[in-house]
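Everything below belongs to model.cif, which stores mmCIF, C-alpha atoms.
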```cif
data_structure
loop_
_atom_site.label_atom_id
_atom_site.label_comp_id
_atom_site.auth_asym_id
_atom_site.auth_seq_id
_atom_site.Cartn_x
_atom_site.Cartn_y
_atom_site.Cartn_z
CA MET R 897 -51.52 23.00 -73.79
CA LYS R 898 -49.28 21.98 -70.97
CA THR R 899 -50.07 25.04 -68.92
CA GLN R 900 -53.76 24.30 -69.30
CA MET R 901 -53.16 20.74 -68.29
CA THR R 902 -51.12 21.87 -65.32
CA LYS R 903 -53.80 24.38 -64.37
CA ARG R 904 -56.51 21.79 -64.66
CA MET R 905 -54.55 19.32 -62.55
CA PHE R 906 -53.92 22.12 -60.15
CA SER R 907 -57.57 22.98 -59.68
CA THR R 908 -58.41 19.31 -59.36
CA ALA R 909 -55.74 19.09 -56.71
CA CYS R 910 -57.20 22.11 -54.90
CA ALA R 911 -60.61 20.49 -54.93
CA ALA R 912 -59.09 17.31 -53.57
CA VAL R 913 -57.46 19.22 -50.74
CA ILE R 914 -60.71 20.88 -49.77
CA LEU R 915 -62.39 17.50 -49.89
CA SER R 916 -59.78 15.84 -47.73
CA VAL R 917 -59.98 18.66 -45.22
CA LEU R 918 -63.74 18.38 -45.09
CA THR R 919 -63.73 14.65 -44.62
CA GLY R 920 -60.89 14.91 -42.13
CA CYS R 921 -58.99 12.06 -43.73
CA ALA R 922 -55.66 13.79 -43.48
CA THR R 923 -55.25 14.36 -39.79
CA THR R 924 -52.67 11.68 -39.11
CA ALA R 925 -49.70 14.00 -39.65
CA ASP R 926 -46.73 14.05 -37.32
CA ASN R 927 -45.29 17.26 -38.68
CA PRO R 928 -47.16 20.45 -37.82
CA LYS R 929 -46.00 21.94 -41.14
CA ASP R 930 -47.60 19.05 -43.02
CA PRO R 931 -51.24 18.75 -41.93
CA TYR R 932 -52.35 17.26 -45.28
CA GLU R 933 -49.79 14.48 -45.30
CA GLY R 934 -52.34 11.92 -46.53
CA PHE R 935 -53.16 13.96 -49.63
CA ASN R 936 -49.51 14.90 -50.15
CA ARG R 937 -48.32 11.32 -50.02
CA ALA R 938 -50.94 10.37 -52.59
CA MET R 939 -49.71 13.14 -54.91
CA PHE R 940 -46.13 12.06 -54.23
CA THR R 941 -47.05 8.61 -55.54
CA VAL R 942 -48.68 10.22 -58.58
CA ASN R 943 -45.47 12.12 -59.32
CA GLU R 944 -43.33 9.03 -58.89
CA GLY R 945 -45.60 7.47 -61.51
CA ILE R 946 -45.20 10.40 -63.91
CA ASP R 947 -41.46 10.26 -63.32
CA VAL R 948 -41.30 6.70 -64.61
CA VAL R 949 -41.79 8.29 -68.05
CA VAL R 950 -39.99 11.62 -67.52
CA LYS R 951 -36.81 10.32 -65.89
CA PRO R 952 -35.67 8.09 -68.79
CA VAL R 953 -36.17 11.03 -71.17
CA ALA R 954 -34.03 13.24 -68.91
CA GLN R 955 -31.41 10.48 -68.62
CA GLY R 956 -31.35 10.10 -72.38
CA TYR R 957 -30.89 13.84 -72.82
CA ASP R 958 -28.19 13.91 -70.15
CA ALA R 959 -26.28 11.07 -71.81
CA ALA R 960 -26.71 12.20 -75.42
CA ALA R 961 -26.15 15.96 -75.18
CA PRO R 962 -22.51 17.05 -74.89
CA LEU R 963 -21.64 19.32 -71.99
CA PRO R 964 -21.50 22.59 -74.01
CA VAL R 965 -25.02 21.92 -75.33
CA LYS R 966 -26.38 21.24 -71.87
CA ALA R 967 -24.63 24.32 -70.50
CA GLY R 968 -26.01 26.38 -73.39
CA VAL R 969 -29.57 25.18 -72.78
CA GLY R 970 -29.28 25.88 -69.06
CA ASN R 971 -27.81 29.32 -69.70
CA PHE R 972 -30.47 30.20 -72.29
CA PHE R 973 -33.39 29.54 -69.94
CA GLY R 974 -31.42 30.96 -67.03
CA ASN R 975 -31.04 34.22 -68.91
CA ILE R 976 -34.79 34.46 -69.53
CA TYR R 977 -35.41 33.78 -65.85
CA ASP R 978 -32.88 36.41 -64.76
CA VAL R 979 -35.39 39.09 -65.84
CA TRP R 980 -37.89 37.79 -63.29
CA THR R 981 -35.13 37.45 -60.69
CA ALA R 982 -34.19 41.11 -61.22
CA PHE R 983 -37.83 42.18 -60.87
CA ASN R 984 -38.21 40.21 -57.62
CA ASN R 985 -34.97 41.62 -56.26
CA PHE R 986 -36.35 45.13 -56.80
CA LEU R 987 -39.62 44.11 -55.12
CA GLN R 988 -37.60 42.88 -52.14
CA GLY R 989 -35.72 46.17 -51.97
CA LYS R 990 -32.44 44.64 -53.05
CA GLY R 991 -31.67 47.29 -55.66
CA GLY R 992 -28.00 46.46 -55.97
CA GLN R 993 -28.66 42.82 -56.77
CA GLY R 994 -31.51 43.80 -59.08
CA LEU R 995 -29.26 46.13 -61.05
CA SER R 996 -26.60 43.44 -61.25
CA ASP R 997 -29.24 41.05 -62.63
CA VAL R 998 -30.33 43.61 -65.23
CA GLY R 999 -26.66 43.91 -66.17
CA ARG R 1000 -26.45 40.13 -66.49
CA VAL R 1001 -29.39 40.02 -68.89
CA LEU R 1002 -27.95 42.86 -71.01
CA VAL R 1003 -24.50 41.27 -71.19
CA ASN R 1004 -25.67 37.70 -71.76
CA THR R 1005 -28.33 38.56 -74.32
CA THR R 1006 -25.82 40.52 -76.43
CA ILE R 1007 -22.26 39.28 -75.91
CA GLY R 1008 -23.57 35.93 -74.66
CA ILE R 1009 -25.48 35.45 -77.96
CA GLY R 1010 -29.08 35.32 -76.78
CA GLY R 1011 -28.12 33.98 -73.37
CA VAL R 1012 -26.44 30.78 -74.56
CA PHE R 1013 -23.18 31.83 -72.93
CA ASP R 1014 -23.10 33.08 -69.37
CA VAL R 1015 -20.47 35.76 -69.98
CA ALA R 1016 -21.78 37.82 -67.07
CA SER R 1017 -20.77 35.21 -64.48
CA GLU R 1018 -17.25 35.20 -65.93
CA MET R 1019 -17.26 38.96 -65.54
CA GLY R 1020 -18.11 38.56 -61.89
CA LEU R 1021 -21.82 39.38 -62.03
CA GLU R 1022 -23.03 36.59 -59.79
CA LYS R 1023 -26.18 34.68 -60.69
CA HIS R 1024 -29.08 34.95 -58.24
CA THR R 1025 -32.41 33.21 -58.28
CA GLU R 1026 -35.47 34.87 -56.82
CA ASP R 1027 -39.13 33.95 -57.23
CA PHE R 1028 -42.37 35.55 -56.11
CA GLY R 1029 -42.74 33.14 -53.19
CA GLN R 1030 -39.43 34.46 -51.83
CA THR R 1031 -40.62 38.02 -52.33
CA LEU R 1032 -43.79 37.27 -50.37
CA GLY R 1033 -41.66 35.66 -47.67
CA LYS R 1034 -39.48 38.75 -47.51
CA TRP R 1035 -42.64 40.85 -47.14
CA GLY R 1036 -43.53 38.80 -44.08
CA VAL R 1037 -46.14 36.44 -45.55
CA ASP R 1038 -46.20 33.22 -43.51
CA ASP R 1039 -45.47 30.02 -45.45
CA GLY R 1040 -48.56 28.08 -44.32
CA PRO R 1041 -49.14 24.33 -44.70
CA TYR R 1042 -46.90 22.26 -46.94
CA PHE R 1043 -48.19 20.68 -50.15
CA TYR R 1044 -46.90 18.19 -52.62
CA TRP R 1045 -48.44 18.90 -56.04
CA PRO R 1046 -48.46 16.78 -59.17
CA LEU R 1047 -45.76 17.86 -61.66
CA ILE R 1048 -44.53 20.91 -59.76
CA GLY R 1049 -43.69 18.99 -56.59
CA PRO R 1050 -43.19 20.48 -53.12
CA ARG R 1051 -44.55 23.95 -52.33
CA THR R 1052 -45.77 25.63 -49.17
CA THR R 1053 -49.12 27.42 -49.46
CA ARG R 1054 -47.38 30.76 -49.93
CA ASP R 1055 -45.00 29.33 -52.50
CA THR R 1056 -47.87 27.68 -54.36
CA PHE R 1057 -49.38 31.12 -54.81
CA GLY R 1058 -45.92 32.47 -55.67
CA TRP R 1059 -45.55 29.75 -58.29
CA MET R 1060 -48.84 30.78 -59.91
CA VAL R 1061 -47.56 34.35 -60.20
CA ASP R 1062 -44.20 33.09 -61.54
CA SER R 1063 -45.99 31.02 -64.20
CA TYR R 1064 -48.23 33.93 -65.13
CA ALA R 1065 -45.17 36.13 -65.65
CA ASP R 1066 -43.25 33.39 -67.50
CA PRO R 1067 -42.37 34.74 -70.98
CA VAL R 1068 -42.15 31.26 -72.49
CA TRP R 1069 -45.88 30.71 -71.95
CA ARG R 1070 -46.61 34.05 -73.62
CA ILE R 1071 -45.13 33.08 -76.98
CA ASP R 1072 -47.90 33.11 -79.65
CA ASP R 1073 -46.29 30.47 -81.84
CA VAL R 1074 -47.76 27.39 -80.18
CA PRO R 1075 -45.32 24.71 -81.48
CA LEU R 1076 -42.33 26.90 -80.55
CA ARG R 1077 -43.79 27.61 -77.14
CA ASN R 1078 -44.45 23.95 -76.44
CA THR R 1079 -41.01 22.92 -77.66
CA LEU R 1080 -39.31 25.48 -75.43
CA ALA R 1081 -41.40 24.48 -72.42
CA THR R 1082 -40.66 20.80 -72.98
CA VAL R 1083 -36.92 21.30 -73.42
CA ARG R 1084 -36.84 23.44 -70.29
CA PHE R 1085 -38.74 20.80 -68.33
CA VAL R 1086 -36.42 17.99 -69.47
CA ASP R 1087 -33.36 20.13 -68.73
CA LEU R 1088 -34.69 20.84 -65.24
CA ARG R 1089 -35.37 17.16 -64.62
CA ALA R 1090 -31.91 16.24 -65.92
CA SER R 1091 -30.27 18.73 -63.56
CA LEU R 1092 -31.92 16.90 -60.66
CA LEU R 1093 -30.56 13.47 -61.63
CA PRO R 1094 -27.46 13.55 -59.35
CA THR R 1095 -29.64 14.64 -56.40
CA ASP R 1096 -31.97 11.72 -57.09
CA LYS R 1097 -29.28 9.22 -56.50
CA ILE R 1098 -28.23 10.79 -53.19
CA VAL R 1099 -31.81 11.06 -51.92
CA ASP R 1100 -32.46 7.42 -52.83
CA GLN R 1101 -29.44 6.41 -50.76
CA ALA R 1102 -29.74 8.80 -47.87
CA ALA R 1103 -33.47 8.74 -47.18
CA PHE R 1104 -35.29 6.36 -44.90
CA ASP R 1105 -38.56 7.74 -46.18
CA LYS R 1106 -38.15 9.64 -49.43
CA TYR R 1107 -41.30 11.68 -48.89
CA ASN R 1108 -40.14 12.89 -45.47
CA TYR R 1109 -36.60 13.56 -46.64
CA ILE R 1110 -37.72 15.70 -49.58
CA ARG R 1111 -40.23 17.62 -47.45
CA ASP R 1112 -37.72 18.43 -44.73
CA ALA R 1113 -35.03 19.37 -47.25
CA TYR R 1114 -37.45 21.57 -49.19
CA LEU R 1115 -38.55 23.44 -46.07
CA GLN R 1116 -34.92 23.98 -44.97
CA ASN R 1117 -33.92 25.12 -48.45
CA ARG R 1118 -36.77 27.64 -48.74
CA ARG R 1119 -36.03 29.12 -45.34
CA SER R 1120 -32.44 29.59 -46.42
CA GLU R 1121 -33.37 31.09 -49.80
CA ILE R 1122 -35.76 33.63 -48.33
CA ASN R 1123 -33.05 34.78 -45.94
CA ASP R 1124 -30.46 34.73 -48.73
CA GLY R 1125 -28.46 31.98 -47.09
CA LYS R 1126 -28.30 33.68 -43.71
CA ALA R 1127 -30.96 31.66 -41.91
CA PRO R 1128 -29.80 29.76 -38.86
CA ILE R 1129 -29.89 26.01 -39.36
CA GLN R 1130 -33.05 24.77 -37.71
CA GLY R 1131 -32.65 22.48 -34.75
CA ARG R 1132 -29.04 23.33 -34.15
CA ASP R 1133 -29.59 25.29 -30.98
CA ASP R 1134 -31.95 22.98 -29.19
CA THR R 1135 -29.47 20.16 -29.12
CA GLU R 1136 -27.55 20.16 -25.89
CA CYS R 1137 -24.47 19.17 -27.78
CA LYS R 1138 -22.91 22.49 -28.59
CA GLN R 1139 -19.16 22.23 -28.46
CA SER R 1140 -19.21 18.55 -27.61
CA ARG R 1141 -20.34 19.18 -24.05
CA CYS R 1142 -22.86 16.37 -24.03
CA TYR R 1143 -20.58 13.48 -24.89
CA MET F 911 15.23 53.59 -25.81
CA LYS F 912 15.68 52.71 -29.41
CA LYS F 913 17.36 49.47 -28.40
CA LEU F 914 14.52 48.57 -26.10
CA PHE F 915 12.04 49.20 -28.87
CA PHE F 916 13.89 46.87 -31.25
CA SER F 917 14.26 44.10 -28.73
CA LEU F 918 10.56 44.41 -27.95
CA LEU F 919 9.82 44.23 -31.65
CA ARG F 920 12.01 41.18 -32.01
CA GLY F 921 10.21 39.58 -29.08
CA VAL F 922 6.85 40.18 -30.71
CA PHE F 923 8.06 38.64 -33.97
CA LEU F 924 9.38 35.65 -32.14
CA LEU F 925 6.09 35.18 -30.35
CA LEU F 926 4.17 35.49 -33.61
CA SER F 927 6.28 32.95 -35.40
CA VAL F 928 6.13 30.51 -32.50
CA SER F 929 2.34 30.73 -32.33
CA ALA F 930 2.19 30.28 -36.09
CA PHE F 931 4.08 27.03 -35.77
CA ALA F 932 2.05 25.81 -32.86
CA GLN F 933 -1.21 26.51 -34.64
CA VAL F 934 -3.14 23.62 -36.16
CA ASP F 935 -4.42 23.80 -39.71
CA SER F 936 -7.01 26.56 -40.01
CA PRO F 937 -10.50 25.21 -40.78
CA ASP F 938 -10.63 26.60 -44.32
CA ALA F 939 -7.15 25.31 -45.12
CA LEU F 940 -8.22 21.89 -43.91
CA ILE F 941 -11.32 21.83 -46.12
CA LYS F 942 -9.35 23.06 -49.11
CA LYS F 943 -6.71 20.39 -48.62
CA MET F 944 -9.33 17.69 -48.21
CA THR F 945 -11.34 18.81 -51.26
CA ASP F 946 -8.28 19.16 -53.47
CA GLU F 947 -6.98 15.73 -52.53
CA VAL F 948 -10.34 14.06 -53.13
CA LEU F 949 -10.93 15.87 -56.43
CA ILE F 950 -7.52 14.99 -57.84
CA ILE F 951 -8.13 11.32 -57.12
CA VAL F 952 -11.71 11.33 -58.44
CA ARG F 953 -10.68 13.10 -61.65
CA HIS F 954 -8.03 10.50 -62.37
CA ASP F 955 -9.85 7.40 -61.26
CA LYS F 956 -12.01 5.91 -64.00
CA ASP F 957 -13.35 3.27 -61.60
CA ILE F 958 -14.82 5.85 -59.25
CA GLN F 959 -16.27 7.82 -62.15
CA ASN F 960 -17.94 4.67 -63.41
CA GLY F 961 -19.58 4.10 -60.06
CA ASN F 962 -17.20 1.75 -58.25
CA SER F 963 -18.56 2.48 -54.79
CA LYS F 964 -16.03 0.31 -52.98
CA LYS F 965 -13.17 2.47 -54.20
CA ALA F 966 -15.13 5.64 -53.46
CA ILE F 967 -15.81 4.48 -49.91
CA GLU F 968 -12.11 3.75 -49.43
CA LEU F 969 -11.27 7.25 -50.60
CA VAL F 970 -13.80 8.83 -48.25
CA GLU F 971 -12.59 6.73 -45.34
CA THR F 972 -8.97 7.75 -45.74
CA LYS F 973 -9.30 11.39 -46.82
CA VAL F 974 -12.61 12.68 -45.47
CA LEU F 975 -13.51 10.67 -42.39
CA PRO F 976 -10.62 11.78 -40.14
CA ASN F 977 -11.82 15.38 -40.42
CA PHE F 978 -15.35 14.65 -39.21
CA ASN F 979 -16.76 14.43 -35.71
CA PHE F 980 -19.40 11.75 -36.17
CA GLN F 981 -20.48 11.69 -32.57
CA HIS F 982 -21.48 15.32 -32.73
CA MET F 983 -23.18 14.69 -36.07
CA THR F 984 -25.24 11.85 -34.61
CA ALA F 985 -26.17 13.97 -31.60
CA LEU F 986 -27.24 16.77 -33.95
CA ALA F 987 -29.34 14.41 -36.03
CA MET F 988 -31.13 13.09 -32.94
CA GLY F 989 -31.59 16.34 -31.03
CA ARG F 990 -33.04 15.85 -27.56
CA ASP F 991 -33.34 12.11 -28.09
CA TRP F 992 -29.54 11.82 -27.96
CA ASN F 993 -29.59 12.05 -24.19
CA LYS F 994 -32.09 9.21 -23.95
CA ALA F 995 -29.42 6.83 -25.23
CA THR F 996 -27.03 4.97 -22.92
CA PRO F 997 -23.28 5.45 -23.54
CA GLU F 998 -23.20 2.04 -25.22
CA GLN F 999 -26.16 2.95 -27.46
CA LYS F 1000 -24.52 6.27 -28.32
CA LYS F 1001 -21.51 4.36 -29.55
CA ARG F 1002 -23.57 2.05 -31.75
CA LEU F 1003 -25.69 4.93 -33.04
CA THR F 1004 -22.56 6.85 -34.03
CA GLU F 1005 -21.12 3.79 -35.81
CA GLU F 1006 -24.32 3.15 -37.77
CA PHE F 1007 -24.86 6.79 -38.69
CA LYS F 1008 -21.24 7.11 -39.75
CA THR F 1009 -21.59 4.11 -42.07
CA LEU F 1010 -24.70 5.64 -43.62
CA LEU F 1011 -23.11 9.06 -44.15
CA VAL F 1012 -19.93 7.60 -45.62
CA ARG F 1013 -21.99 5.57 -48.09
CA THR F 1014 -24.12 8.51 -49.13
CA TYR F 1015 -21.13 10.80 -49.49
CA SER F 1016 -19.17 8.23 -51.49
CA ASN F 1017 -22.10 7.75 -53.78
CA ALA F 1018 -22.27 11.48 -54.39
CA LEU F 1019 -18.62 11.34 -55.47
CA THR F 1020 -19.24 8.69 -58.11
CA GLY F 1021 -21.79 10.98 -59.73
CA TYR F 1022 -19.20 13.71 -59.85
CA LYS F 1023 -18.31 15.19 -63.23
CA ASP F 1024 -17.83 18.62 -64.82
CA GLN F 1025 -18.02 20.47 -61.51
CA THR F 1026 -15.41 22.68 -59.92
CA VAL F 1027 -15.21 23.97 -56.37
CA ARG F 1028 -14.73 27.59 -55.38
CA PHE F 1029 -13.58 28.42 -51.87
CA LYS F 1030 -15.04 31.51 -50.30
CA PRO F 1031 -13.29 33.60 -47.66
CA THR F 1032 -14.01 32.37 -44.15
CA LYS F 1033 -15.17 34.89 -41.59
CA MET F 1034 -13.23 34.06 -38.50
CA GLN F 1035 -11.77 35.84 -35.51
CA ASN F 1036 -8.99 34.85 -33.19
CA GLY F 1037 -10.29 32.56 -30.50
CA ASP F 1038 -13.29 31.34 -32.51
CA THR F 1039 -14.05 27.69 -31.87
CA ASP F 1040 -17.04 27.34 -34.21
CA VAL F 1041 -16.93 28.50 -37.81
CA ASP F 1042 -18.62 27.89 -41.16
CA VAL F 1043 -16.31 27.20 -44.08
CA LYS F 1044 -18.16 28.21 -47.23
CA THR F 1045 -17.59 26.72 -50.66
CA GLU F 1046 -19.48 26.74 -53.94
CA ILE F 1047 -19.92 23.96 -56.47
CA LEU F 1048 -19.81 25.48 -59.93
CA GLN F 1049 -21.32 23.69 -62.85
CA PRO F 1050 -21.77 24.96 -66.37
CA GLY F 1051 -25.32 26.07 -67.17
CA SER F 1052 -26.64 26.34 -63.64
CA LYS F 1053 -26.52 28.44 -60.53
CA PRO F 1054 -23.64 27.68 -58.14
CA ILE F 1055 -24.61 25.39 -55.26
CA GLN F 1056 -23.57 26.50 -51.78
CA LEU F 1057 -21.75 23.80 -49.83
CA ASP F 1058 -20.86 24.80 -46.29
CA TYR F 1059 -18.99 22.88 -43.61
CA SER F 1060 -19.76 23.71 -39.98
CA MET F 1061 -16.63 23.12 -37.95
CA GLU F 1062 -15.65 23.11 -34.31
CA LYS F 1063 -12.25 23.27 -32.68
CA LEU F 1064 -11.41 20.21 -30.62
CA ALA F 1065 -8.24 19.13 -28.85
CA ASP F 1066 -6.99 17.32 -31.95
CA GLY F 1067 -7.80 20.09 -34.41
CA TRP F 1068 -10.79 21.33 -36.38
CA LYS F 1069 -13.55 18.83 -37.11
CA VAL F 1070 -16.63 19.02 -39.32
CA TYR F 1071 -19.91 18.45 -37.47
CA ASP F 1072 -22.39 19.42 -40.19
CA VAL F 1073 -22.51 19.68 -43.96
CA VAL F 1074 -25.00 22.18 -45.37
CA VAL F 1075 -25.95 21.99 -49.06
CA ALA F 1076 -28.04 24.88 -50.42
CA GLY F 1077 -29.18 25.69 -46.91
CA VAL F 1078 -30.11 22.08 -46.19
CA SER F 1079 -28.25 20.49 -43.28
CA LEU F 1080 -27.60 16.91 -44.30
CA VAL F 1081 -27.49 16.06 -40.61
CA SER F 1082 -30.55 17.82 -39.18
CA ASN F 1083 -32.57 16.71 -42.18
CA TYR F 1084 -32.75 13.37 -40.36
CA ARG F 1085 -34.10 14.94 -37.17
CA ASN F 1086 -37.84 14.43 -37.87
CA THR F 1087 -37.40 10.87 -39.09
CA PHE F 1088 -35.17 9.92 -36.15
CA ASN F 1089 -37.43 11.57 -33.55
CA GLN F 1090 -40.42 9.79 -35.03
CA GLU F 1091 -38.66 6.42 -34.83
CA VAL F 1092 -37.52 6.97 -31.23
CA ARG F 1093 -41.06 7.95 -30.27
CA ALA F 1094 -42.44 4.78 -31.86
CA ASN F 1095 -39.78 2.16 -31.12
CA GLY F 1096 -37.27 3.73 -28.75
CA VAL F 1097 -33.54 4.26 -29.20
CA GLU F 1098 -33.06 0.53 -29.89
CA GLY F 1099 -35.59 0.81 -32.74
CA LEU F 1100 -33.62 3.68 -34.26
CA ILE F 1101 -30.37 1.72 -34.12
CA GLN F 1102 -32.07 -1.18 -35.87
CA MET F 1103 -33.59 1.13 -38.48
CA ILE F 1104 -30.22 2.61 -39.47
CA ASP F 1105 -28.59 -0.82 -39.35
CA ALA F 1106 -31.27 -2.24 -41.67
CA LYS F 1107 -30.75 0.65 -44.09
CA ASN F 1108 -26.99 0.10 -44.10
CA LYS F 1109 -27.41 -3.60 -44.76
CA GLN F 1110 -29.79 -2.84 -47.59
CA LEU F 1111 -27.28 -0.41 -49.14
CA GLU F 1112 -24.50 -2.92 -48.62
CA ALA F 1113 -26.50 -5.52 -50.51
CA GLY F 1114 -26.75 -2.99 -53.31
CA LYS F 1115 -30.49 -3.15 -53.54
CA LYS F 1116 -30.75 0.59 -53.91
#
```
Could I get this file's structure written as structure tokens?
Amino acid sequence: MKTQMTKRMFSTACAAVILSVLTGCATTADNPKDPYEGFNRAMFTVNEGIDVVVKPVAQGYDAAAPLPVKAGVGNFFGNIYDVWTAFNNFLQGKGGQGLSDVGRVLVNTTIGIGGVFDVASEMGLEKHTEDFGQTLGKWGVDDGPYFYWPLIGPRTTRDTFGWMVDSYADPVWRIDDVPLRNTLATVRFVDLRASLLPTDKIVDQAAFDKYNYIRDAYLQNRRSEINDGKAPIQGRDDTECKQSRCY
Amino acid sequence: MKKLFFSLLRGVFLLLSVSAFAQVDSPDALIKKMTDEVLIIVRHDKDIQNGNSKKAIELVETKVLPNFNFQHMTALAMGRDWNKATPEQKKRLTEEFKTLLVRTYSNALTGYKDQTVRFKPTKMQNGDTDVDVKTEILQPGSKPIQLDYSMEKLADGWKVYDVVVAGVSLVSNYRNTFNQEVRANGVEGLIQMIDAKNKQLEAGKK
């Protein structure tokens, strides 16, 4: 049900984008990466509205669940996702990492009792996270304009497409038992929201304009992820302040 | 011949040990020391854990602040606009930006629980004056978060000039916002903007 809802909202959003482009109402942007800022800011407001309901639920879960439960929930969904990470690592030609991820899934599903315990990390098999947007990036697909979608939040055009492929491949949505599927999807969503609670607080404090701060952080983070943490920090070279020479 | 060899060897050892003494703390040792000290205090201080920001700010000011080069951080956040500021404005900008960063960082500390820090080996060669010290924040149930400190060697030792979390530079993330403000209201406008934000945080509105 939720996926349908998401999909419907998604297509509505797409229609809205096309509309806003046609009417030219979103041409006030300062950032070349963000040509649809008007639309994006509207969707940002929508999400802040949705979050008024979601955040207290996540806070309740965070406060009520003891640490081992929260860790178990995170590990369980992490283990399911590791399959997709492995697949994307192979697609990106990172066979070694892919094999390590396959090993993680085998170890955690068996010794880790269905993925609840992340035994593999203790064994030194490091956790990676790869999605299809990163794979496309690795293949040289340009990221395109930035969007802020309802529910799923910030995505570049390429990563929006990547997200659709990720969702299509998502095993949770393929479970036939509808109540089980919806329960799992809801728990995963709440767990994800809860994991973002500490970041929330920092962003609220640090940001002059929350929308700008999140956009710029998202774009930096994606660039780093696609290059597996080896991307140069943007804007560091054009400052004339290398090695304190300018002050 | 043999004697000469040994005296040479002794000379080399002497030189090595002297240079070891003269050397300042290596950048990764500095970060490890700083992190360990802060973590020990945070883990034992119930006030900080419960969100006492005054105590957290005190901790950051004594343990963290001396290892940071805020002037470089401010310059990095402003980019080309930094050179539009007069020396007096640069001073005020640095003060305001420092206050903001200390507040944000202290606040992050009060939310701290259950995490541990892993230090990764630092790639560094003799004579390097600019290195990245890499650490990881481990928390049960999720992927480790990369936390890197970019450091430069100054006359009084190694100083941090950027903090990078999951590939996001907490300093250059301000670049767009700052540039936009300077374009609209000049350097003076930017100083006022940061000052207003600091006052708002001080008042505890957010």
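Atom pair CA of Ala938 (chain R) / CA of Arg1051 (chain R): separated by 15.0 Å.
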Which chain F residues have any atom within 7 Å of an atom of chain R, and for each, what is the nearest pair of atoms with distance in Å to one decimal, counting only C-alpha atoms, rows sorted by chain and number, as a tab-separated table?
```
residue	atom	partner	partner_atom	distance
F:His982	CA	R:Ser1140	CA	6.5
F:Ala985	CA	R:Cys1137	CA	6.7
F:Leu986	CA	R:Thr1135	CA	6.3
F:Gly989	CA	R:Thr1135	CA	4.8
F:Arg990	CA	R:Thr1135	CA	5.8
F:Thr1014	CA	R:Ala1102	CA	5.8
F:Asn1017	CA	R:Ile1098	CA	6.9
F:Ala1018	CA	R:Ile1098	CA	6.1
F:Gly1021	CA	R:Pro1094	CA	6.2
F:Pro1050	CA	R:Ala967	CA	5.1
F:Gly1051	CA	R:Ala967	CA	3.8
F:Ser1052	CA	R:Gly970	CA	6.0
F:Lys1053	CA	R:Lys1023	CA	6.3
F:Glu1062	CA	R:Gln1139	CA	6.9
F:Ala1076	CA	R:Asn1117	CA	6.2
F:Gly1077	CA	R:Asn1117	CA	5.0
F:Val1078	CA	R:Gln1116	CA	5.3
F:Ser1079	CA	R:Ile1129	CA	7.0
F:Ser1082	CA	R:Gly1131	CA	6.8
F:Asn1083	CA	R:Asp1112	CA	6.0
F:Lys1116	CA	R:Gln1101	CA	6.7
```
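Taking only C-alpha atoms, the non-local environment of region 934-950 of chain F within 8 Å (same-chain residues fewer than 6 positions away omitted) comprises Leu969, Val970, Lys973, Val974, Phe1029, Thr1032, Val1041, Val1043, Met1061, Gly1067, Trp1068 and Lys1069 of chain F.
Across the structure, CA of Ala982 (chain R) and CA of Glu1026 (chain R) are spaced 7.7 Å apart.
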(message) Show me the residues close to (-24.0, 10.1, -37.7) - anything with an atom within 12 Å, counting only C-alpha atoms - and format the list as a PyMOL selection string.
(response) (chain R and resi 1102) or (chain F and resi 975+978-989+992+1000-1014+1070-1073+1080-1085+1088+1101+1104-1105)
